[in-house]
>>> print(open('input_33.pdb').read())   # PDB, C-alpha atoms and all ligand atoms
ATOM      1  CA  MET A   1       3.904  16.911  28.977
ATOM      2  CA  LYS A   2       5.047  17.699  25.442
ATOM      3  CA  VAL A   3       7.068  15.053  23.649
ATOM      4  CA  VAL A   4       8.894  15.461  20.352
ATOM      5  CA  ALA A   5      10.118  12.251  18.732
ATOM      6  CA  ILE A   6      12.729  12.534  15.994
ATOM      7  CA  SER A   7      13.652   9.537  13.881
ATOM      8  CA  CYS A   8      16.772   9.736  11.726
ATOM      9  CA  SER A   9      15.947   6.491   9.895
ATOM     10  CA  PRO A  10      14.693   6.651   6.299
ATOM     11  CA  ARG A  11      12.889   3.323   6.731
ATOM     12  CA  VAL A  12       9.165   3.427   7.416
ATOM     13  CA  GLY A  13       8.247   0.901  10.102
ATOM     14  CA  GLY A  14      11.897  -0.026  10.648
ATOM     15  CA  ASN A  15      13.673  -0.676  13.923
ATOM     16  CA  CYS A  16      13.877   2.951  15.063
ATOM     17  CA  ASP A  17      10.201   3.528  14.215
ATOM     18  CA  THR A  18       9.183   0.412  16.147
ATOM     19  CA  LEU A  19      11.126   1.419  19.234
ATOM     20  CA  VAL A  20       9.995   5.059  19.098
ATOM     21  CA  ASP A  21       6.360   3.932  18.759
ATOM     22  CA  THR A  22       6.808   1.543  21.687
ATOM     23  CA  ILE A  23       8.209   4.317  23.905
ATOM     24  CA  LEU A  24       5.359   6.641  22.873
ATOM     25  CA  ASN A  25       2.858   3.856  23.652
ATOM     26  CA  GLY A  26       4.412   3.380  27.065
ATOM     27  CA  ILE A  27       4.021   7.097  27.723
ATOM     28  CA  SER A  28       0.512   7.555  26.329
ATOM     29  CA  GLN A  29      -0.941   4.494  28.067
ATOM     30  CA  ASN A  30       0.199   5.852  31.399
ATOM     31  CA  ASN A  31      -0.336   9.571  30.987
ATOM     32  CA  LYS A  32      -3.305  10.989  29.118
ATOM     33  CA  ASP A  33      -2.005  14.549  29.316
ATOM     34  CA  VAL A  34       0.732  14.014  26.775
ATOM     35  CA  VAL A  35       1.029  15.806  23.457
ATOM     36  CA  PHE A  36       3.159  14.007  20.870
ATOM     37  CA  ASP A  37       4.804  15.189  17.729
ATOM     38  CA  LYS A  38       6.695  12.604  15.747
ATOM     39  CA  TYR A  39       8.997  13.547  12.870
ATOM     40  CA  LYS A  40      10.948  11.541  10.371
ATOM     41  CA  LEU A  41      13.880  13.656   9.221
ATOM     42  CA  SER A  42      14.127  11.794   5.893
ATOM     43  CA  THR A  43      10.700  13.115   4.871
ATOM     44  CA  MET A  44      11.631  16.679   5.769
ATOM     45  CA  ASN A  45      13.742  19.286   4.080
ATOM     46  CA  ILE A  46      16.519  19.994   6.564
ATOM     47  CA  ASN A  47      19.668  21.418   5.011
ATOM     48  CA  GLY A  48      23.110  21.355   6.531
ATOM     49  CA  CYS A  49      24.263  24.425   8.460
ATOM     50  CA  LYS A  50      25.617  27.084   6.063
ATOM     51  CA  ALA A  51      27.792  28.673   8.779
ATOM     52  CA  CYS A  52      26.370  32.125   8.016
ATOM     53  CA  TYR A  53      26.270  32.891  11.764
ATOM     54  CA  ASN A  54      22.970  34.723  11.342
ATOM     55  CA  CYS A  55      21.777  32.841  14.439
ATOM     56  CA  LYS A  56      24.379  34.720  16.483
ATOM     57  CA  SER A  57      22.739  38.055  15.630
ATOM     58  CA  GLY A  58      19.704  37.078  17.722
ATOM     59  CA  SER A  59      17.344  36.667  14.782
ATOM     60  CA  GLY A  60      17.460  32.873  14.568
ATOM     61  CA  CYS A  61      18.497  30.577  11.765
ATOM     62  CA  ALA A  62      18.434  32.226   8.340
ATOM     63  CA  GLN A  63      17.449  29.028   6.548
ATOM     64  CA  LYS A  64      13.686  28.848   6.203
ATOM     65  CA  ASP A  65      13.422  25.096   5.741
ATOM     66  CA  ASP A  66      11.652  22.441   7.869
ATOM     67  CA  MET A  67      14.114  22.929  10.728
ATOM     68  CA  GLN A  68      12.083  26.023  11.624
ATOM     69  CA  LEU A  69       9.222  23.725  12.632
ATOM     70  CA  LEU A  70      11.560  21.625  14.776
ATOM     71  CA  TYR A  71      13.041  24.749  16.429
ATOM     72  CA  ASN A  72       9.544  25.637  17.646
ATOM     73  CA  LYS A  73       8.725  22.101  18.738
ATOM     74  CA  ILE A  74      12.019  21.605  20.585
ATOM     75  CA  ASN A  75      11.678  24.956  22.268
ATOM     76  CA  ASP A  76       8.327  23.859  23.746
ATOM     77  CA  ALA A  77       9.141  20.184  24.406
ATOM     78  CA  ASP A  78       9.642  18.628  27.823
ATOM     79  CA  LEU A  79      11.046  15.423  26.344
ATOM     80  CA  ILE A  80      12.919  14.666  23.117
ATOM     81  CA  VAL A  81      13.023  11.070  21.881
ATOM     82  CA  PHE A  82      15.927  10.902  19.434
ATOM     83  CA  ALA A  83      16.364   7.720  17.390
ATOM     84  CA  SER A  84      18.912   6.802  14.747
ATOM     85  CA  PRO A  85      20.225   3.701  13.065
ATOM     86  CA  ILE A  86      23.999   3.372  12.959
ATOM     87  CA  TYR A  87      25.220   4.142   9.462
ATOM     88  CA  MET A  88      28.918   3.573   8.852
ATOM     89  CA  GLY A  89      29.668   3.865  12.528
ATOM     90  CA  HIS A  90      27.675   7.052  13.201
ATOM     91  CA  ILE A  91      24.133   8.371  13.262
ATOM     92  CA  THR A  92      22.666   9.038   9.807
ATOM     93  CA  GLY A  93      23.529  12.117   7.752
ATOM     94  CA  THR A  94      20.061  13.598   8.222
ATOM     95  CA  GLY A  95      20.535  13.220  11.971
ATOM     96  CA  LYS A  96      23.878  15.021  11.783
ATOM     97  CA  ASN A  97      22.289  17.882   9.811
ATOM     98  CA  PHE A  98      19.759  18.205  12.630
ATOM     99  CA  MET A  99      22.545  18.283  15.232
ATOM    100  CA  ASP A 100      24.497  20.937  13.318
ATOM    101  CA  ARG A 101      21.406  23.107  12.946
ATOM    102  CA  MET A 102      20.963  23.079  16.736
ATOM    103  CA  PHE A 103      23.905  25.525  16.651
ATOM    104  CA  ALA A 104      21.190  28.174  16.309
ATOM    105  CA  TYR A 105      20.405  27.639  19.999
ATOM    106  CA  MET A 106      23.855  28.897  20.971
ATOM    107  CA  LYS A 107      25.076  32.454  21.188
ATOM    108  CA  GLU A 108      28.497  33.538  19.941
ATOM    109  CA  ASP A 109      30.022  32.621  23.323
ATOM    110  CA  PHE A 110      28.200  29.229  23.281
ATOM    111  CA  GLU A 111      25.679  30.336  25.873
ATOM    112  CA  VAL A 112      22.571  28.227  25.274
ATOM    113  CA  THR A 113      19.293  29.993  24.526
ATOM    114  CA  LEU A 114      17.073  26.900  24.749
ATOM    115  CA  PRO A 115      14.829  26.824  27.856
ATOM    116  CA  LYS A 116      16.278  24.621  30.597
ATOM    117  CA  GLY A 117      14.873  21.446  32.170
ATOM    118  CA  LYS A 118      14.351  19.329  29.051
ATOM    119  CA  LYS A 119      15.014  15.585  29.016
ATOM    120  CA  ALA A 120      16.056  13.220  26.237
ATOM    121  CA  ILE A 121      15.756   9.532  25.453
ATOM    122  CA  ILE A 122      18.272   8.159  22.959
ATOM    123  CA  VAL A 123      17.521   5.172  20.728
ATOM    124  CA  LEU A 124      20.253   3.620  18.573
ATOM    125  CA  THR A 125      19.797   0.540  16.427
ATOM    126  CA  GLN A 126      22.634  -1.327  14.750
ATOM    127  CA  GLY A 127      23.416  -4.432  12.756
ATOM    128  CA  HIS A 128      26.460  -5.185  14.881
ATOM    129  CA  ARG A 129      25.646  -7.815  17.477
ATOM    130  CA  VAL A 130      27.908  -6.349  20.146
ATOM    131  CA  GLU A 131      25.878  -3.760  22.021
ATOM    132  CA  SER A 132      28.928  -1.719  23.037
ATOM    133  CA  ALA A 133      30.344  -1.547  19.484
ATOM    134  CA  TYR A 134      29.133   2.072  19.002
ATOM    135  CA  ARG A 135      29.216   3.166  22.641
ATOM    136  CA  LYS A 136      30.996   6.347  21.519
ATOM    137  CA  VAL A 137      27.995   7.356  19.377
ATOM    138  CA  ALA A 138      25.685   7.137  22.391
ATOM    139  CA  ASP A 139      28.205   9.045  24.501
ATOM    140  CA  ASP A 140      28.511  11.740  21.812
ATOM    141  CA  LEU A 141      24.719  12.146  21.780
ATOM    142  CA  ILE A 142      24.606  12.381  25.571
ATOM    143  CA  ASN A 143      27.296  15.093  25.409
ATOM    144  CA  PHE A 144      25.451  16.848  22.589
ATOM    145  CA  PHE A 145      22.211  17.011  24.587
ATOM    146  CA  ASN A 146      24.124  17.876  27.714
ATOM    147  CA  SER A 147      25.703  20.877  25.997
ATOM    148  CA  TYR A 148      22.137  22.210  25.579
ATOM    149  CA  GLY A 149      21.260  21.518  29.210
ATOM    150  CA  ILE A 150      19.179  18.501  28.147
ATOM    151  CA  GLU A 151      19.526  15.513  30.456
ATOM    152  CA  THR A 152      19.523  12.063  28.848
ATOM    153  CA  ILE A 153      17.322   9.948  31.092
ATOM    154  CA  SER A 154      17.458   6.688  29.092
ATOM    155  CA  GLN A 155      19.407   5.095  26.300
ATOM    156  CA  ILE A 156      18.141   2.143  24.309
ATOM    157  CA  ILE A 157      20.707   0.386  22.147
ATOM    158  CA  ALA A 158      19.276  -2.370  19.962
ATOM    159  CA  ALA A 159      22.078  -4.563  18.614
ATOM    160  CA  GLY A 160      21.968  -7.219  15.890
ATOM    161  CA  MET A 161      19.152  -5.503  14.006
ATOM    162  CA  THR A 162      18.679  -6.395  10.371
ATOM    163  CA  LYS A 163      16.214  -4.767   8.007
ATOM    164  CA  ASP A 164      13.457  -7.032   9.337
ATOM    165  CA  ALA A 165      11.892  -5.074  12.171
ATOM    166  CA  ASP A 166      10.319  -8.189  13.617
ATOM    167  CA  ASN A 167      13.742  -9.395  14.704
ATOM    168  CA  ILE A 168      13.880  -6.896  17.553
ATOM    169  CA  ASN A 169      14.509  -8.805  20.733
ATOM    170  CA  LYS A 170      11.317  -8.838  22.815
ATOM    171  CA  HIS A 171      13.339  -7.772  25.864
ATOM    172  CA  VAL A 172      14.382  -4.597  24.013
ATOM    173  CA  ILE A 173      10.746  -3.899  23.110
ATOM    174  CA  GLU A 174       9.671  -4.469  26.705
ATOM    175  CA  TYR A 175      12.469  -2.225  27.921
ATOM    176  CA  ALA A 176      11.419   0.536  25.473
ATOM    177  CA  TYR A 177       7.839   0.296  26.778
ATOM    178  CA  ARG A 178       9.044   0.524  30.387
ATOM    179  CA  VAL A 179      11.201   3.545  29.528
ATOM    180  CA  GLY A 180       8.064   5.253  28.219
ATOM    181  CA  GLU A 181       6.024   4.119  31.199
ATOM    182  CA  LYS A 182       8.615   5.493  33.608
ATOM    183  CA  VAL A 183       8.676   9.007  32.137
ATOM    184  CA  ALA A 184       4.879   9.087  32.039
ATOM    185  CA  ILE A 185       4.468   8.527  35.755
TER     186      ILE A 185
HETATM  187  C1  LIG B 201      23.712   2.629   4.754
HETATM  188  C2  LIG B 201      23.734   1.704   5.948
HETATM  189  C3  LIG B 201      24.848   1.675   6.757
HETATM  190  C4  LIG B 201      24.898   0.843   7.876
HETATM  191  N1  LIG B 201      26.014   0.867   8.664
HETATM  192  C5  LIG B 201      26.054   0.085   9.776
HETATM  193  C6  LIG B 201      27.204   0.107  10.621
HETATM  194  O1  LIG B 201      28.180   0.806  10.388
HETATM  195  N2  LIG B 201      27.185  -0.688  11.711
HETATM  196  C7  LIG B 201      26.118  -1.480  12.039
HETATM  197  O2  LIG B 201      26.158  -2.163  13.070
HETATM  198  N3  LIG B 201      24.999  -1.497  11.264
HETATM  199  C8  LIG B 201      24.934  -0.739  10.145
HETATM  200  N4  LIG B 201      23.808  -0.728   9.356
HETATM  201  C9  LIG B 201      22.624  -1.515   9.800
HETATM  202  C10 LIG B 201      21.597  -0.628  10.501
HETATM  203  O3  LIG B 201      22.165   0.211  11.482
HETATM  204  C11 LIG B 201      20.511  -1.456  11.218
HETATM  205  O4  LIG B 201      19.915  -2.416  10.346
HETATM  206  C12 LIG B 201      19.460  -0.566  11.832
HETATM  207  O5  LIG B 201      18.728  -1.280  12.801
HETATM  208  C13 LIG B 201      18.461  -0.009  10.813
HETATM  209  O6  LIG B 201      17.519   0.789  11.526
HETATM  210  P1  LIG B 201      16.121   1.237  10.879
HETATM  211  O7  LIG B 201      15.350  -0.013  10.612
HETATM  212  O8  LIG B 201      15.483   2.086  11.923
HETATM  213  O9  LIG B 201      16.434   2.016   9.652
HETATM  214  C14 LIG B 201      23.766   0.047   8.216
HETATM  215  C15 LIG B 201      22.622   0.078   7.374
HETATM  216  C16 LIG B 201      22.609   0.892   6.259
HETATM  217  C17 LIG B 201      21.376   0.922   5.358
END
>>> encode(input="input_33.pdb", output="structure tokens")
Amino acid sequence: MKVVAISCSPRVGGNCDTLVDTILNGISQNNKDVVFDKYKLSTMNINGCKACYNCKSGSGCAQKDDMQLLYNKINDADLIVFASPIYMGHITGTGKNFMDRMFAYMKEDFEVTLPKGKKAIIVLTQGHRVESAYRKVADDLINFFNSYGIETISQIIAAGMTKDADNINKHVIEYAYRVGEKVAI
């Protein structure tokens, strides 16, 4: 199984990182045949889409930045773990750049060119204590993945998260581990 984890948080060792690592632990401790690639978008050079429509000519995205690496990894992945903190009610800007650049996997008529059968796990962390406060963001991500034929198999929403990663509720950590464990088996 090939797993690509994408964190949209700029914080090293923050809440998203902790939960992504916990999911990856849950997978790797239960399946030794897993290959992981973990990326932090904030350390990469991923521009916004320039709307040149070069990708509709069949020759891929014209921008030769770090998204090219992610195109290859996503193409080969069985599972995508996508994590973002909530910033001003949405995922982060780097995360949105990534989403926009996925346009390259659609033809002019929106037919998807990405291989089918991929799965996704969504992780959202937020300061707001009410878990459902940004339900729409999770739903938008599910729809986004769905439009590429990617099925979201789990969503982890960690509410009431401050900048201190050690405040993550132990039940959320345990749940993240179990989510990983479940996909590994
Ligand atoms: C620029 C910025 C904007 C934020 N906006 C929100 C927000 O709109 N709603 C919310 O609940 N939390 C908000 N937060 C809090 C973060 O979502 C929360 O602390 C999150 O767990 C951080 O995740 P990380 O440690 O993975 O970076 C914001 C934090 C920052 C730095």
>>> resolve_selection(input="input_33.pdb", expression="the PyMOL selection byres (((not hetatm)) within 9 of (chain B and resi 201))", output="NGL selection string")
:A and (7-19 or 83-92 or 124-130 or 133-134 or 158-165 or 168)
>>> residues_around(input="input_33.pdb", residues="region 108-120 of chain A", least_positions_apart="3", cutoff="10 Å", atoms="only C-alpha atoms", output="PyMOL selection string")
chain A and resi 3-5+53+55-58+71+74-82+102-105+123+141-142+145-155+183
>>> write_last_selection(input="input_33.pdb", atoms="C-alpha atoms", output="CSV table (one decimal), in the frame of the given file")
chain,number,residue,atom,x,y,z
A,3,VAL,CA,7.1,15.1,23.6
A,4,VAL,CA,8.9,15.5,20.4
A,5,ALA,CA,10.1,12.3,18.7
A,53,TYR,CA,26.3,32.9,11.8
A,55,CYS,CA,21.8,32.8,14.4
A,56,LYS,CA,24.4,34.7,16.5
A,57,SER,CA,22.7,38.1,15.6
A,58,GLY,CA,19.7,37.1,17.7
A,71,TYR,CA,13.0,24.7,16.4
A,74,ILE,CA,12.0,21.6,20.6
A,75,ASN,CA,11.7,25.0,22.3
A,76,ASP,CA,8.3,23.9,23.7
A,77,ALA,CA,9.1,20.2,24.4
A,78,ASP,CA,9.6,18.6,27.8
A,79,LEU,CA,11.0,15.4,26.3
A,80,ILE,CA,12.9,14.7,23.1
A,81,VAL,CA,13.0,11.1,21.9
A,82,PHE,CA,15.9,10.9,19.4
A,102,MET,CA,21.0,23.1,16.7
A,103,PHE,CA,23.9,25.5,16.7
A,104,ALA,CA,21.2,28.2,16.3
A,105,TYR,CA,20.4,27.6,20.0
A,123,VAL,CA,17.5,5.2,20.7
A,141,LEU,CA,24.7,12.1,21.8
A,142,ILE,CA,24.6,12.4,25.6
A,145,PHE,CA,22.2,17.0,24.6
A,146,ASN,CA,24.1,17.9,27.7
A,147,SER,CA,25.7,20.9,26.0
A,148,TYR,CA,22.1,22.2,25.6
A,149,GLY,CA,21.3,21.5,29.2
A,150,ILE,CA,19.2,18.5,28.1
A,151,GLU,CA,19.5,15.5,30.5
A,152,THR,CA,19.5,12.1,28.8
A,153,ILE,CA,17.3,9.9,31.1
A,154,SER,CA,17.5,6.7,29.1
A,155,GLN,CA,19.4,5.1,26.3
A,183,VAL,CA,8.7,9.0,32.1
>>> closest_residue(input="input_33.pdb", among="A:Val179, A:Ile23, A:Ile185, A:Met99", to="Phe144 (chain A)", atoms="all atoms listed in the file")
A:Met99
>>> residues_around(input="input_33.pdb", residues="region 171-178 of chain A", least_positions_apart="5", cutoff="8 Å", atoms="all atoms listed in the file", output="compact mmCIF listing (two decimals) with C-alpha atoms, keeping the file's coordinate frame")
# COMPACT_ATOMS: atom_id res chain seq x y z
CA LEU A 19 11.13 1.42 19.23
CA VAL A 20 9.99 5.06 19.10
CA THR A 22 6.81 1.54 21.69
CA ILE A 23 8.21 4.32 23.90
CA LEU A 24 5.36 6.64 22.87
CA ASN A 25 2.86 3.86 23.65
CA GLY A 26 4.41 3.38 27.06
CA ILE A 27 4.02 7.10 27.72
CA ILE A 156 18.14 2.14 24.31
CA ALA A 158 19.28 -2.37 19.96
>>> atom_distance(input="input_33.pdb", atom1="CA of Glu181 (chain A)", atom2="CA of Lys32 (chain A)")
11.8 Å
